Amino acid sequence: MIDETFTAEDVATYYDDWNERYEAVFGDVFQHLKASDHDELLDHVIEVAGISDGESVLDASCGVCGPARHIARRRDVAVTAITVSPVQVERARELVTLDGLAHRVTVRLGDFHHLAQVVEPASHDVAYFLESLVHAHDPELALRSVFEVLKPGGRVCIKDFYRGRSSEPAEQRVIDECVEATNRICHLTIRNTEDMLRWVAEAGFDIEVSQPLAVPMYSIEDGHEFCRRYDLDVAAGRDFTTTFYLDNLEILARKPA
């Protein structure tokens with residue numbers, strides 16, 4: 001059930017307007033579901049994606065480049081970081097420069113539905129989407145797009161959250177109402193896990209990992225604080241700290257060599 005989708009222009013405007021507030025709560029890593037700290041989460045992404053020295057890395061929706069900068073500090077890689085938000089491009093470039101990482105991280109304005117307009121086809125070893133495909137108005141197009149710009153044998157790592165599922169109709173109605181509210185407020189289109197896995201395969205990838213986020217301790221407190229601070233009714237009138245309506249999944253998939 002998809003109630004509404006948001007164009008790339010809608011999402012750009014949303015983050016242009018809200019980026020400062022996201023940074024005030026989340027710091028430079030905008031993740032609702034994370035490990036107990038950002039370093040632990042991003043080190044886990046490096047491990048799952050198998051990012052190694054010398055590789056070319058694509059952050060397909062970089063925010064203010066928290067993950068890209070972390071990876072560039074941990075590995076000797078070249079990172080191309082893309083966001084649809086002009087405000088985030090400016091802020092990300094500022095932070096990259098402050099960290100002395102401009103020789104490793106390049107920030108570009110672009111839409112992950114059309115990555116070949118921003119980078120060359122078959123040019124990157126690994127790409128990642130961290131809670132960003134949930135903003136896609138057409139995730140199938142976005143996945144075909146990243147497939148095009150990965151080298152043969154290249155990998156894509158996807159960490160995101162999805163619509164919860166229940167066999168009880170009353171529970172599913174609660175889930176659906178909360179998802180609809182969250183979508184509307186945060187400019188998201190929360191999908192079903194089985195649909196995402198099918199789209200990844202249909203884009204041409206071989207799925208190697210599909211599992212809940214495998215970190216020792218989850219934290220969603222930043223997300224709760226964000227909702228409290230800005231009075232966001234993401235649970236449709238319910239207590240958002242005790243209403244669980246999202247599933248999470250991390251996926252690693254490979255473009256055939």
# chains A, B, ... in the order shown; residues from 1 in each chain; ligands from 1

$ residues_around --residues "Leu213 (chain A)" --least-positions-apart "2" --cutoff "10 Å" --atoms "only C-alpha atoms" --output "ChimeraX atom specification"
/A:33-35,41,44-45,159-161,210-211,215-218,247-251

$ residues_around --residues "Tyr15 (chain A)" --least-positions-apart "3" --cutoff "8 Å" --atoms "only C-alpha atoms" --output "PyMOL selection string"
chain A and resi 11-12+18-19+85+87-88

$ write_last_selection --atoms "C-alpha atoms" --output "JSON list (two decimals), in the first residue's frame"
[["chain", "number", "residue", "atom", "x", "y", "z"],
["A", 11, "VAL", "CA", 12.96, 15.67, -1.16],
["A", 12, "ALA", "CA", 15.55, 18.32, -2.07],
["A", 18, "TRP", "CA", 15.26, 20.77, 7.51],
["A", 19, "ASN", "CA", 18.98, 20.02, 7.26],
["A", 85, "SER", "CA", 19.87, 18.93, -1.77],
["A", 87, "VAL", "CA", 22.04, 23.02, 1.00],
["A", 88, "GLN", "CA", 23.54, 19.64, 1.86]]

$ select_by_dssp --residues "region 28-91 of chain A" --states "strand (DSSP E or B)" --output "PyMOL selection string"
chain A and resi 34+56-59+78-83

$ atom_distance --atom1 "CA of Arg93 (chain A)" --atom2 "CA of Pro67 (chain A)"
13.3 Å

$ residues_around --residues "Lys255 (chain A)" --least-positions-apart "2" --cutoff "12 Å" --atoms "only C-alpha atoms" --output "VMD selection string"
chain A and resid 122 124 to 127 143 to 144 146 to 157 200 to 208 252 to 253 257

$ atom_distance --atom1 "CA of Glu171 (chain A)" --atom2 "CA of Asp138 (chain A)"
27.6 Å

$ residues_around --residues "region 98-115 of chain A" --least-positions-apart "5" --cutoff "9 Å" --atoms "only C-alpha atoms" --output "number ranges by chain"
A: 8, 60-62, 65, 68-69, 72-73, 76-86, 88-90, 92-93, 120-121, 133, 136-146, 148-149

$ select_by_dssp --residues "region 68-204 of chain A" --states "helix (DSSP H, G or I)" --output "MDAnalysis selection string"
chainID A and resid 68:74 86:98 112:117 133:135 139:149 169:186 193:202

$ write_last_selection --atoms "C-alpha atoms" --output "mmCIF file, in the first residue's frame"
data_model
loop_
_atom_site.group_PDB
_atom_site.id
_atom_site.type_symbol
_atom_site.label_atom_id
_atom_site.label_comp_id
_atom_site.auth_asym_id
_atom_site.auth_seq_id
_atom_site.Cartn_x
_atom_site.Cartn_y
_atom_site.Cartn_z
ATOM 1 C CA ALA A 68 31.583 9.321 3.416
ATOM 2 C CA ARG A 69 34.070 11.144 5.630
ATOM 3 C CA HIS A 70 34.201 8.255 8.099
ATOM 4 C CA ILE A 71 34.911 5.745 5.326
ATOM 5 C CA ALA A 72 37.589 8.016 3.837
ATOM 6 C CA ARG A 73 39.285 8.145 7.237
ATOM 7 C CA ARG A 74 39.126 4.381 7.722
ATOM 8 C CA PRO A 86 21.903 22.047 -2.677
ATOM 9 C CA VAL A 87 22.036 23.018 1.004
ATOM 10 C CA GLN A 88 23.538 19.639 1.861
ATOM 11 C CA VAL A 89 26.066 19.904 -0.984
ATOM 12 C CA GLU A 90 27.355 23.182 0.437
ATOM 13 C CA ARG A 91 27.429 21.904 4.003
ATOM 14 C CA ALA A 92 29.038 18.573 3.031
ATOM 15 C CA ARG A 93 31.793 20.323 1.089
ATOM 16 C CA GLU A 94 32.451 22.556 4.084
ATOM 17 C CA LEU A 95 32.815 19.560 6.421
ATOM 18 C CA VAL A 96 34.969 17.617 3.947
ATOM 19 C CA THR A 97 37.326 20.592 3.682
ATOM 20 C CA LEU A 98 37.438 21.088 7.455
ATOM 21 C CA PHE A 112 20.190 8.770 -7.355
ATOM 22 C CA HIS A 113 17.485 7.830 -9.846
ATOM 23 C CA HIS A 114 19.858 9.066 -12.582
ATOM 24 C CA LEU A 115 23.395 8.380 -11.373
ATOM 25 C CA ALA A 116 24.877 8.049 -14.869
ATOM 26 C CA GLN A 117 24.188 11.772 -15.271
ATOM 27 C CA LEU A 133 16.105 4.525 -0.814
ATOM 28 C CA VAL A 134 13.132 5.139 1.469
ATOM 29 C CA HIS A 135 13.083 8.581 -0.220
ATOM 30 C CA PRO A 139 13.267 2.481 -6.237
ATOM 31 C CA GLU A 140 13.394 0.184 -9.257
ATOM 32 C CA LEU A 141 14.807 3.039 -11.340
ATOM 33 C CA ALA A 142 17.281 3.939 -8.583
ATOM 34 C CA LEU A 143 18.527 0.346 -8.402
ATOM 35 C CA ARG A 144 18.932 0.112 -12.176
ATOM 36 C CA SER A 145 20.776 3.414 -11.984
ATOM 37 C CA VAL A 146 23.298 2.171 -9.421
ATOM 38 C CA PHE A 147 23.711 -1.090 -11.338
ATOM 39 C CA GLU A 148 24.736 0.955 -14.382
ATOM 40 C CA VAL A 149 27.489 2.893 -12.585
ATOM 41 C CA PRO A 169 -5.733 -7.090 10.870
ATOM 42 C CA ALA A 170 -6.074 -4.645 13.780
ATOM 43 C CA GLU A 171 -2.303 -4.573 14.310
ATOM 44 C CA GLN A 172 -1.714 -4.107 10.594
ATOM 45 C CA ARG A 173 -4.088 -1.124 10.562
ATOM 46 C CA VAL A 174 -2.008 0.504 13.306
ATOM 47 C CA ILE A 175 1.173 -0.163 11.346
ATOM 48 C CA ASP A 176 -0.318 1.262 8.157
ATOM 49 C CA GLU A 177 -1.584 4.406 9.901
ATOM 50 C CA CYS A 178 1.842 5.022 11.454
ATOM 51 C CA VAL A 179 3.611 4.430 8.155
ATOM 52 C CA GLU A 180 1.283 6.851 6.372
ATOM 53 C CA ALA A 181 1.923 9.536 9.001
ATOM 54 C CA THR A 182 5.689 9.016 8.898
ATOM 55 C CA ASN A 183 5.727 9.117 5.103
ATOM 56 C CA ARG A 184 3.792 12.378 5.001
ATOM 57 C CA ILE A 185 5.821 14.144 7.689
ATOM 58 C CA CYS A 186 9.302 13.003 6.616
ATOM 59 C CA THR A 193 10.914 -5.766 2.458
ATOM 60 C CA GLU A 194 9.905 -8.428 -0.042
ATOM 61 C CA ASP A 195 9.346 -5.799 -2.734
ATOM 62 C CA MET A 196 12.793 -4.294 -2.196
ATOM 63 C CA LEU A 197 14.481 -7.685 -2.406
ATOM 64 C CA ARG A 198 12.624 -8.440 -5.625
ATOM 65 C CA TRP A 199 13.606 -5.081 -7.140
ATOM 66 C CA VAL A 200 17.265 -5.611 -6.246
ATOM 67 C CA ALA A 201 17.223 -8.969 -8.031
ATOM 68 C CA GLU A 202 15.276 -7.616 -11.016
#

$ atom_distance --atom1 "CA of Val118 (chain A)" --atom2 "CA of Leu58 (chain A)"
10.9 Å

$ closest_residue --among "A:His32, A:Arg229, A:Arg75, A:His187" --to "Asp53 (chain A)" --atoms "only C-alpha atoms"
A:Arg75
